[in-house]
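This is entry-v3.cif. It holds mmCIF, N, CA and C atoms.
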data_final
loop_
_atom_site.group_PDB
_atom_site.id
_atom_site.type_symbol
_atom_site.label_atom_id
_atom_site.label_comp_id
_atom_site.auth_asym_id
_atom_site.auth_seq_id
_atom_site.Cartn_x
_atom_site.Cartn_y
_atom_site.Cartn_z
ATOM 1 N N MET O 1 -91.815 -238.153 7.481
ATOM 2 C CA MET O 1 -91.252 -239.424 7.822
ATOM 3 C C MET O 1 -90.066 -239.180 8.745
ATOM 4 N N LYS O 2 -90.055 -239.831 9.859
ATOM 5 C CA LYS O 2 -88.947 -239.691 10.797
ATOM 6 C C LYS O 2 -88.401 -241.082 11.083
ATOM 7 N N ALA O 3 -87.374 -241.442 10.366
ATOM 8 C CA ALA O 3 -86.819 -242.773 10.540
ATOM 9 C C ALA O 3 -85.582 -242.746 11.426
ATOM 10 N N ILE O 4 -84.572 -242.046 10.990
ATOM 11 C CA ILE O 4 -83.314 -242.023 11.717
ATOM 12 C C ILE O 4 -82.775 -240.605 11.725
ATOM 13 N N TYR O 5 -82.530 -240.068 12.899
ATOM 14 C CA TYR O 5 -81.929 -238.749 13.005
ATOM 15 C C TYR O 5 -80.720 -238.783 13.918
ATOM 16 N N SER O 6 -80.067 -239.929 13.987
ATOM 17 C CA SER O 6 -78.845 -240.058 14.764
ATOM 18 C C SER O 6 -77.895 -240.942 13.971
ATOM 19 N N GLU O 7 -76.738 -241.187 14.518
ATOM 20 C CA GLU O 7 -75.773 -242.013 13.805
ATOM 21 C C GLU O 7 -76.264 -243.449 13.682
ATOM 22 N N VAL O 8 -75.960 -244.039 12.550
ATOM 23 C CA VAL O 8 -76.332 -245.424 12.295
ATOM 24 C C VAL O 8 -75.263 -246.312 12.914
ATOM 25 N N PRO O 9 -75.640 -247.235 13.803
ATOM 26 C CA PRO O 9 -74.644 -248.024 14.524
ATOM 27 C C PRO O 9 -74.101 -249.227 13.747
ATOM 28 N N TYR O 10 -74.201 -249.238 12.448
ATOM 29 C CA TYR O 10 -73.722 -250.343 11.635
ATOM 30 C C TYR O 10 -72.720 -249.833 10.612
ATOM 31 N N ASP O 11 -71.866 -250.718 10.149
ATOM 32 C CA ASP O 11 -70.893 -250.363 9.129
ATOM 33 C C ASP O 11 -71.457 -250.741 7.763
ATOM 34 N N PHE O 12 -71.857 -249.737 7.006
ATOM 35 C CA PHE O 12 -72.403 -249.962 5.674
ATOM 36 C C PHE O 12 -71.374 -249.674 4.588
ATOM 37 N N SER O 13 -70.093 -249.749 4.915
ATOM 38 C CA SER O 13 -69.030 -249.508 3.936
ATOM 39 C C SER O 13 -69.202 -250.419 2.727
ATOM 40 N N GLY O 14 -69.222 -249.825 1.543
ATOM 41 C CA GLY O 14 -69.337 -250.594 0.319
ATOM 42 C C GLY O 14 -70.709 -251.196 0.073
ATOM 43 N N LYS O 15 -71.690 -250.848 0.875
ATOM 44 C CA LYS O 15 -73.040 -251.409 0.743
ATOM 45 C C LYS O 15 -73.969 -250.410 0.059
ATOM 46 N N ARG O 16 -75.075 -250.915 -0.433
ATOM 47 C CA ARG O 16 -76.124 -250.082 -1.015
ATOM 48 C C ARG O 16 -77.301 -250.102 -0.060
ATOM 49 N N VAL O 17 -77.712 -248.935 0.394
ATOM 50 C CA VAL O 17 -78.836 -248.793 1.322
ATOM 51 C C VAL O 17 -80.015 -248.265 0.516
ATOM 52 N N ILE O 18 -81.094 -249.033 0.484
ATOM 53 C CA ILE O 18 -82.262 -248.671 -0.316
ATOM 54 C C ILE O 18 -83.381 -248.246 0.624
ATOM 55 N N LEU O 19 -83.795 -247.002 0.477
ATOM 56 C CA LEU O 19 -84.867 -246.482 1.319
ATOM 57 C C LEU O 19 -86.216 -246.973 0.814
ATOM 58 N N PHE O 20 -87.112 -247.258 1.742
ATOM 59 C CA PHE O 20 -88.506 -247.527 1.399
ATOM 60 C C PHE O 20 -89.345 -247.173 2.603
ATOM 61 N N ALA O 21 -90.595 -246.906 2.349
ATOM 62 C CA ALA O 21 -91.512 -246.552 3.422
ATOM 63 C C ALA O 21 -92.844 -247.234 3.176
ATOM 64 N N THR O 22 -93.508 -247.620 4.243
ATOM 65 C CA THR O 22 -94.810 -248.260 4.120
ATOM 66 C C THR O 22 -95.945 -247.298 4.439
ATOM 67 N N SER O 23 -95.617 -246.060 4.666
ATOM 68 C CA SER O 23 -96.626 -245.039 4.940
ATOM 69 C C SER O 23 -96.954 -244.316 3.642
ATOM 70 N N GLY O 24 -98.194 -243.980 3.471
ATOM 71 C CA GLY O 24 -98.587 -243.234 2.290
ATOM 72 C C GLY O 24 -98.741 -241.757 2.553
ATOM 73 N N GLY O 25 -98.408 -241.325 3.770
ATOM 74 C CA GLY O 25 -98.662 -239.953 4.173
ATOM 75 C C GLY O 25 -97.750 -238.905 3.580
ATOM 76 N N SER O 26 -96.487 -239.244 3.389
ATOM 77 C CA SER O 26 -95.545 -238.246 2.886
ATOM 78 C C SER O 26 -94.414 -238.938 2.155
ATOM 79 N N GLY O 27 -93.602 -238.147 1.527
ATOM 80 C CA GLY O 27 -92.444 -238.691 0.831
ATOM 81 C C GLY O 27 -91.293 -238.901 1.802
ATOM 82 N N PHE O 28 -90.107 -238.989 1.269
ATOM 83 C CA PHE O 28 -88.934 -239.222 2.089
ATOM 84 C C PHE O 28 -88.443 -237.963 2.786
ATOM 85 N N GLY O 29 -88.904 -236.810 2.317
ATOM 86 C CA GLY O 29 -88.515 -235.560 2.949
ATOM 87 C C GLY O 29 -87.014 -235.407 3.035
ATOM 88 N N LYS O 30 -86.526 -235.123 4.220
ATOM 89 C CA LYS O 30 -85.089 -234.921 4.424
ATOM 90 C C LYS O 30 -84.405 -236.168 4.976
ATOM 91 N N THR O 31 -85.100 -237.283 4.973
ATOM 92 C CA THR O 31 -84.553 -238.511 5.532
ATOM 93 C C THR O 31 -83.271 -238.933 4.827
ATOM 94 N N ALA O 32 -83.256 -238.894 3.500
ATOM 95 C CA ALA O 32 -82.065 -239.315 2.759
ATOM 96 C C ALA O 32 -80.864 -238.452 3.116
ATOM 97 N N ALA O 33 -81.054 -237.153 3.169
ATOM 98 C CA ALA O 33 -79.947 -236.251 3.501
ATOM 99 C C ALA O 33 -79.442 -236.491 4.917
ATOM 100 N N ALA O 34 -80.349 -236.700 5.855
ATOM 101 C CA ALA O 34 -79.958 -236.941 7.245
ATOM 102 C C ALA O 34 -79.235 -238.275 7.379
ATOM 103 N N LEU O 35 -79.720 -239.286 6.702
ATOM 104 C CA LEU O 35 -79.111 -240.604 6.782
ATOM 105 C C LEU O 35 -77.743 -240.624 6.109
ATOM 106 N N LYS O 36 -77.615 -239.936 4.985
ATOM 107 C CA LYS O 36 -76.357 -239.902 4.237
ATOM 108 C C LYS O 36 -75.218 -239.387 5.105
ATOM 109 N N LYS O 37 -75.504 -238.447 5.981
ATOM 110 C CA LYS O 37 -74.478 -237.877 6.853
ATOM 111 C C LYS O 37 -73.895 -238.908 7.809
ATOM 112 N N SER O 38 -74.670 -239.917 8.164
ATOM 113 C CA SER O 38 -74.190 -240.891 9.141
ATOM 114 C C SER O 38 -73.657 -242.172 8.516
ATOM 115 N N LEU O 39 -73.737 -242.288 7.205
ATOM 116 C CA LEU O 39 -73.201 -243.471 6.539
ATOM 117 C C LEU O 39 -71.749 -243.248 6.153
ATOM 118 N N SER O 40 -71.022 -244.327 5.935
ATOM 119 C CA SER O 40 -69.643 -244.200 5.486
ATOM 120 C C SER O 40 -69.638 -243.606 4.073
ATOM 121 N N PRO O 41 -68.559 -242.915 3.707
ATOM 122 C CA PRO O 41 -68.507 -242.237 2.405
ATOM 123 C C PRO O 41 -68.686 -243.161 1.209
ATOM 124 N N ASP O 42 -68.305 -244.422 1.342
ATOM 125 C CA ASP O 42 -68.433 -245.320 0.188
ATOM 126 C C ASP O 42 -69.722 -246.145 0.203
ATOM 127 N N ALA O 43 -70.656 -245.801 1.063
ATOM 128 C CA ALA O 43 -71.970 -246.442 1.046
ATOM 129 C C ALA O 43 -72.856 -245.706 0.040
ATOM 130 N N ALA O 44 -73.603 -246.449 -0.735
ATOM 131 C CA ALA O 44 -74.504 -245.852 -1.732
ATOM 132 C C ALA O 44 -75.911 -245.785 -1.160
ATOM 133 N N LEU O 45 -76.478 -244.611 -1.144
ATOM 134 C CA LEU O 45 -77.830 -244.427 -0.642
ATOM 135 C C LEU O 45 -78.770 -244.248 -1.829
ATOM 136 N N VAL O 46 -79.749 -245.120 -1.927
ATOM 137 C CA VAL O 46 -80.690 -245.111 -3.048
ATOM 138 C C VAL O 46 -82.069 -244.749 -2.521
ATOM 139 N N GLU O 47 -82.648 -243.669 -3.057
ATOM 140 C CA GLU O 47 -84.020 -243.338 -2.661
ATOM 141 C C GLU O 47 -84.939 -244.327 -3.334
ATOM 142 N N GLY O 48 -85.688 -245.038 -2.543
ATOM 143 C CA GLY O 48 -86.491 -246.138 -3.040
ATOM 144 C C GLY O 48 -87.906 -245.768 -3.404
ATOM 145 N N LYS O 49 -88.848 -246.347 -2.709
ATOM 146 C CA LYS O 49 -90.248 -246.270 -3.113
ATOM 147 C C LYS O 49 -91.149 -246.204 -1.882
ATOM 148 N N LEU O 50 -92.272 -245.531 -2.069
ATOM 149 C CA LEU O 50 -93.333 -245.566 -1.062
ATOM 150 C C LEU O 50 -94.184 -246.796 -1.349
ATOM 151 N N LEU O 51 -94.218 -247.704 -0.412
ATOM 152 C CA LEU O 51 -94.950 -248.958 -0.587
ATOM 153 C C LEU O 51 -96.283 -248.836 0.147
ATOM 154 N N ASN O 52 -97.230 -248.195 -0.499
ATOM 155 C CA ASN O 52 -98.516 -247.972 0.154
ATOM 156 C C ASN O 52 -99.593 -248.873 -0.430
ATOM 157 N N THR O 53 -100.813 -248.626 -0.059
ATOM 158 C CA THR O 53 -101.917 -249.513 -0.442
ATOM 159 C C THR O 53 -102.203 -249.542 -1.934
ATOM 160 N N GLY O 54 -101.736 -248.580 -2.695
ATOM 161 C CA GLY O 54 -101.998 -248.556 -4.134
ATOM 162 C C GLY O 54 -101.035 -249.406 -4.940
ATOM 163 N N LEU O 55 -100.121 -250.092 -4.295
ATOM 164 C CA LEU O 55 -99.102 -250.880 -4.987
ATOM 165 C C LEU O 55 -99.565 -252.329 -5.121
ATOM 166 N N SER O 56 -99.616 -252.808 -6.345
ATOM 167 C CA SER O 56 -100.041 -254.196 -6.563
ATOM 168 C C SER O 56 -98.864 -255.139 -6.319
ATOM 169 N N PRO O 57 -99.151 -256.400 -6.075
ATOM 170 C CA PRO O 57 -98.065 -257.373 -5.918
ATOM 171 C C PRO O 57 -97.136 -257.410 -7.142
ATOM 172 N N ALA O 58 -97.702 -257.268 -8.317
ATOM 173 C CA ALA O 58 -96.880 -257.272 -9.538
ATOM 174 C C ALA O 58 -95.968 -256.054 -9.585
ATOM 175 N N ASP O 59 -96.479 -254.894 -9.170
ATOM 176 C CA ASP O 59 -95.656 -253.683 -9.130
ATOM 177 C C ASP O 59 -94.525 -253.826 -8.117
ATOM 178 N N LEU O 60 -94.831 -254.403 -6.966
ATOM 179 C CA LEU O 60 -93.818 -254.613 -5.941
ATOM 180 C C LEU O 60 -92.734 -255.564 -6.446
ATOM 181 N N ARG O 61 -93.150 -256.627 -7.080
ATOM 182 C CA ARG O 61 -92.205 -257.595 -7.640
ATOM 183 C C ARG O 61 -91.311 -256.932 -8.683
ATOM 184 N N ALA O 62 -91.908 -256.127 -9.562
ATOM 185 C CA ALA O 62 -91.138 -255.441 -10.604
ATOM 186 C C ALA O 62 -90.133 -254.476 -9.989
ATOM 187 N N TRP O 63 -90.549 -253.744 -8.947
ATOM 188 C CA TRP O 63 -89.630 -252.809 -8.288
ATOM 189 C C TRP O 63 -88.467 -253.572 -7.665
ATOM 190 N N CYS O 64 -88.753 -254.658 -6.976
ATOM 191 C CA CYS O 64 -87.691 -255.451 -6.345
ATOM 192 C C CYS O 64 -86.722 -255.995 -7.402
ATOM 193 N N GLN O 65 -87.237 -256.455 -8.506
ATOM 194 C CA GLN O 65 -86.374 -256.974 -9.567
ATOM 195 C C GLN O 65 -85.535 -255.851 -10.188
ATOM 196 N N SER O 66 -86.073 -254.643 -10.234
ATOM 197 C CA SER O 66 -85.331 -253.521 -10.815
ATOM 198 C C SER O 66 -84.136 -253.115 -9.953
ATOM 199 N N LEU O 67 -84.127 -253.536 -8.696
ATOM 200 C CA LEU O 67 -83.035 -253.191 -7.789
ATOM 201 C C LEU O 67 -81.790 -254.059 -8.022
ATOM 202 N N ALA O 68 -81.953 -255.124 -8.755
ATOM 203 C CA ALA O 68 -80.846 -256.051 -9.080
ATOM 204 C C ALA O 68 -80.094 -256.453 -7.816
ATOM 205 N N LEU O 69 -80.850 -256.965 -6.857
ATOM 206 C CA LEU O 69 -80.221 -257.371 -5.590
ATOM 207 C C LEU O 69 -79.423 -258.618 -5.751
#
Exercise: express the given structure as structure tokens:
Amino acid sequence: MKAIYSEVPYDFSGKRVILFATSGGSGFGKTAAALKKSLSPDAALVEGKLLNTGLSPADLRAWCQSLAL
């Protein structure tokens, strides 16, 4: 997965960033580590979920509710 390998141009200070992917090919790999380097120190990075074809609508709903947004 290659999402972001440069600085993030937004201020995520005090925010929670939840990773998710719609590809079923691989996991998050080193994406979280690379992204964490470009976020502000007080931003929380949460490794989320792979949202692929095996996920039912009920499972997706349950995952979203578990995030307590």
Notebook entry, point to check: Which residues, written as a PyMOL selection string, have at least one atom at most 6.5 Å from O:Ser23, with only N, CA and C atoms counted and residues fewer than 6 positions away on the same chain left out?
Noted result: chain O and resi 50-52
Would you pick out the contacts of O:Lys15 at 8 Å or less, using only C-alpha atoms, so that residues sharing its chain but fewer than 3 positions from it are not included, and give the list as a PDB file with N, CA and C atoms, in the frame of the given file?
ATOM      1  N   PHE O  12     -71.857-249.737   7.006  1.00  0.00           N
ATOM      2  CA  PHE O  12     -72.403-249.962   5.674  1.00  0.00           C
ATOM      3  C   PHE O  12     -71.374-249.674   4.588  1.00  0.00           C
ATOM      4  N   ASP O  42     -68.305-244.422   1.342  1.00  0.00           N
ATOM      5  CA  ASP O  42     -68.433-245.320   0.188  1.00  0.00           C
ATOM      6  C   ASP O  42     -69.722-246.145   0.203  1.00  0.00           C
ATOM      7  N   ALA O  43     -70.656-245.801   1.063  1.00  0.00           N
ATOM      8  CA  ALA O  43     -71.970-246.442   1.046  1.00  0.00           C
ATOM      9  C   ALA O  43     -72.856-245.706   0.040  1.00  0.00           C
ATOM     10  N   ALA O  44     -73.603-246.449  -0.735  1.00  0.00           N
ATOM     11  CA  ALA O  44     -74.504-245.852  -1.732  1.00  0.00           C
ATOM     12  C   ALA O  44     -75.911-245.785  -1.160  1.00  0.00           C
TER      13      ALA O  44
END
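In terms of minimum interatomic distance to O:Ile18, O:Leu45 ranks closest within O:Ser38, O:Leu45, O:Thr31, O:Asp59, counting only N, CA and C atoms.
Note that atom C of O:Ser66 and atom CA of O:Gly54 are 19.3 Å apart.
For the pair atom N of O:Thr53 and atom CA of O:Phe28, the separation is 15.3 Å.
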Check: Tell me, which residues of chain O carry DSSP alpha helix (DSSP H), written as an NGL selection string?
Finding: :O and (31-38 or 57-66)
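Relative to atom CA of O:Pro9, atom CA of O:Ala68 is found at 25.7 Å.
Using all atoms listed in the file for every distance, the candidate list O:Pro57, O:Leu35, O:Lys49, O:Pro41 yields O:Lys49 as the residue closest to O:Ala21.
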Next item on the list: Could you tell me which of O:Leu55, O:Arg16, O:Ala33, O:Asp11 comes closest to O:Leu69 if we count only C-alpha atoms?
Entry: O:Arg16
Check: So which bits of chain O end up strand (DSSP E) when you DSSP the backbone, as a PyMOL selection string?
Finding: chain O and resi 16-21+44-50
